[in-house]
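One structure is given here, and the rest of the page talks about it.
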Amino acid sequence: MGHLAYVVHSSKYSETSVLLDLFVRGEGISRVLHRGAKRKKQAPLQSGVCYQIERVGKQGLKTLVSAEPVGAVTPIYGEQQYLLFYLNELNIRLTRDTDLSERLFDQYQAIVDALRQALNVEPYLREYELTLFSEIGYGAAILRDASNIVDEQHYGLTPSGDIVVIGGSKPTLTQPVIAGHVLRAIATTNWQVEYALGFAKLLTRTMVDIRLGGRPLKSRELFKQYKEATSE
């Protein structure tokens, strides 16, 4: 039975074959062997294209036997391409060996569609990051239950990635420090609240950095280089 999947990473396996990391709907990140992928007559699978795939093999590394495009196949260029790099790197580095829901896959698909249309994807990205954190069991429980958030309090992020109430007049925790009503908006993805989207970006970026132990994201470095090159 076929599954919907996106290519999130590829690497050389042999002179003619590659290893593909696929984001498979209802499964998560799955590595497969794509035999003959580098032969001249074989069109490489593209990032940002949804495929209906078939795999064979019961245990260990499976082999990709078919991949048919589903929907749009036009490439994603420019700034949108680097945002796709970021999304794929998050999946590879944070979710490998983790079962991921169909909901997260569908959110990913919505972002890819928005990138192809050059739409503003920031709200989609923030919601995706929050869903991803929840599914891998990372991040503050308070973000999954907004009823525990007190609007009049202020909250900070601990070195372990938890969100706690800040006591006293001088916060001692690392940034960002977020007002309770803004944190509630983030937890409920209510981007109509002033500052919610901006603080959500600061919060999720800090949480990613904590989770990765300070190891940089390659996609951020590439995007920075791209912006510097295009601003000249």
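Residue numbering restarts at 1 in every chain; chains get A, B, ... in the order shown in the structure tokens, and ligands count up from 1 in that same order.
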Spatial neighbours of stretch 115-131 of chain A, 10 Å, only C-alpha atoms, chain gap at least 3 places, as a ChimeraX atom specification: /A:48,72-81,83-84,86-87,90-91,100-101,103-112,134-139,143-144,186-191,197-198,200-201,203-205,207-208
Test item, alpha helix (DSSP H) assignment across stretch 31-153 of chain A, answer as a count of residues only: 47
In Å, rounded to a single decimal, give me how far atom CA of A:Leu202 is from atom CA of A:Leu222.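 Distance between the two atoms: 19.3 Å.
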Each residue of stretch 99-154 of chain A lying at most 7 Å from stretch 161-167 of chain A should get a row with its shortest atom-to-atom pair and the distance in Å to one decimal, counting only C-alpha atoms; could you produce that, ordered by chain and increasing number, as a tab-separated table?
residue	atom	partner	partner_atom	distance
A:Gly139	CA	A:Gly161	CA	5.7
A:Ala140	CA	A:Asp162	CA	4.7
A:Gln153	CA	A:Val165	CA	6.7
A:His154	CA	A:Ile166	CA	5.7
Interatomic distance between atom CA of A:Lys12 and atom CA of A:Tyr82?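 Calculated distance between atom CA of A:Lys12 and atom CA of A:Tyr82 is 21.6 Å.
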Go through A:Ile149, A:Leu157, A:Arg211, A:Ile92 one by one, measure the shortest atom-to-atom distance of each to A:Leu183 using only C-alpha atoms, and give the residue with the smallest value.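 Between A:Ile149, A:Leu157, A:Arg211, A:Ile92, the residue approaching A:Leu183 most closely is A:Ile149.
DSSP secondary structure from the backbone places A:His154, A:Tyr155, A:Gly156, A:Leu157, A:Ile163, A:Val164, A:Val165, A:Thr174, A:Gln175, A:Pro176, A:Val177, A:Ile178, A:Ala179 of stretch 143-209 of chain A in strand (DSSP E or B).
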Pick out the closest residue to A:Pro159 from this set: A:Leu94, A:Ile210, A:Leu45, A:Cys50. Count only C-alpha atoms. A:Ile210
Which residues, written as a compact mmCIF listing (two decimals) with N, CA and C atoms, in the first residue's frame, have at least one atom at most 10 Å from A:Gly57, with only C-alpha atoms counted and residues fewer than 6 positions away on the same chain left out?
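Result went into around_6.txt, see below:
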# COMPACT_ATOMS: atom_id res chain seq x y z
N VAL A 32 15.23 5.36 3.27
CA VAL A 32 15.10 4.32 2.25
C VAL A 32 16.28 4.40 1.30
N THR A 63 13.88 -0.47 0.57
CA THR A 63 14.20 0.02 -0.76
C THR A 63 12.98 0.67 -1.39
N LEU A 64 13.19 1.84 -1.95
CA LEU A 64 12.12 2.55 -2.64
C LEU A 64 11.94 1.92 -4.02
Residues within 7 Å of A:Leu20, please, as a PyMOL selection string. Count only C-alpha atoms; anything in the same chain fewer than 4 positions from it doesn't count. chain A and resi 7+9-11+31-34
Could you give me, as a list of chain:residue names, the residues within 12 Å of A:Glu15, counting only C-alpha atoms and dropping anything in the same chain fewer than 2 positions from it?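 Those residues are A:Ser11, A:Lys12, A:Tyr13, A:Ser17, A:Val18, A:Leu19, A:His34, A:Arg35, A:Gly36, A:Ala37, A:Lys38, A:Arg39, A:Lys40.
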Those residues with N, CA and C atoms, as a PDB file, in the first residue's frame please?
ATOM      1  N   SER A  11      21.531  11.639   0.556  1.00  0.00           N
ATOM      2  CA  SER A  11      22.981  11.494   0.666  1.00  0.00           C
ATOM      3  C   SER A  11      23.442  10.349  -0.227  1.00  0.00           C
ATOM      4  N   LYS A  12      24.688  10.420  -0.632  1.00  0.00           N
ATOM      5  CA  LYS A  12      25.242   9.421  -1.543  1.00  0.00           C
ATOM      6  C   LYS A  12      25.354   8.058  -0.863  1.00  0.00           C
ATOM      7  N   TYR A  13      24.994   7.010  -1.603  1.00  0.00           N
ATOM      8  CA  TYR A  13      25.132   5.646  -1.105  1.00  0.00           C
ATOM      9  C   TYR A  13      26.145   4.872  -1.949  1.00  0.00           C
ATOM     10  N   SER A  17      23.331   5.077  -6.587  1.00  0.00           N
ATOM     11  CA  SER A  17      22.202   5.062  -5.656  1.00  0.00           C
ATOM     12  C   SER A  17      22.369   6.103  -4.547  1.00  0.00           C
ATOM     13  N   VAL A  18      21.245   6.488  -3.939  1.00  0.00           N
ATOM     14  CA  VAL A  18      21.265   7.463  -2.846  1.00  0.00           C
ATOM     15  C   VAL A  18      20.405   6.960  -1.691  1.00  0.00           C
ATOM     16  N   LEU A  19      20.704   7.489  -0.512  1.00  0.00           N
ATOM     17  CA  LEU A  19      19.845   7.285   0.649  1.00  0.00           C
ATOM     18  C   LEU A  19      18.935   8.503   0.771  1.00  0.00           C
ATOM     19  N   HIS A  34      17.337   4.401  -2.542  1.00  0.00           N
ATOM     20  CA  HIS A  34      16.801   4.636  -3.881  1.00  0.00           C
ATOM     21  C   HIS A  34      17.845   4.176  -4.890  1.00  0.00           C
ATOM     22  N   ARG A  35      17.684   2.951  -5.373  1.00  0.00           N
ATOM     23  CA  ARG A  35      18.651   2.373  -6.308  1.00  0.00           C
ATOM     24  C   ARG A  35      18.549   3.047  -7.681  1.00  0.00           C
ATOM     25  N   GLY A  36      19.685   3.297  -8.281  1.00  0.00           N
ATOM     26  CA  GLY A  36      19.718   3.862  -9.624  1.00  0.00           C
ATOM     27  C   GLY A  36      19.309   5.312  -9.702  1.00  0.00           C
ATOM     28  N   ALA A  37      19.231   5.991  -8.581  1.00  0.00           N
ATOM     29  CA  ALA A  37      18.740   7.367  -8.577  1.00  0.00           C
ATOM     30  C   ALA A  37      19.657   8.324  -9.338  1.00  0.00           C
ATOM     31  N   LYS A  38      20.956   7.967  -9.487  1.00  0.00           N
ATOM     32  CA  LYS A  38      21.904   8.883 -10.114  1.00  0.00           C
ATOM     33  C   LYS A  38      22.177   8.538 -11.577  1.00  0.00           C
ATOM     34  N   ARG A  39      21.452   7.577 -12.102  1.00  0.00           N
ATOM     35  CA  ARG A  39      21.582   7.289 -13.526  1.00  0.00           C
ATOM     36  C   ARG A  39      20.966   8.417 -14.331  1.00  0.00           C
ATOM     37  N   LYS A  40      21.477   8.652 -15.517  1.00  0.00           N
ATOM     38  CA  LYS A  40      21.057   9.784 -16.331  1.00  0.00           C
ATOM     39  C   LYS A  40      19.572   9.744 -16.667  1.00  0.00           C
TER      40      LYS A  40
END
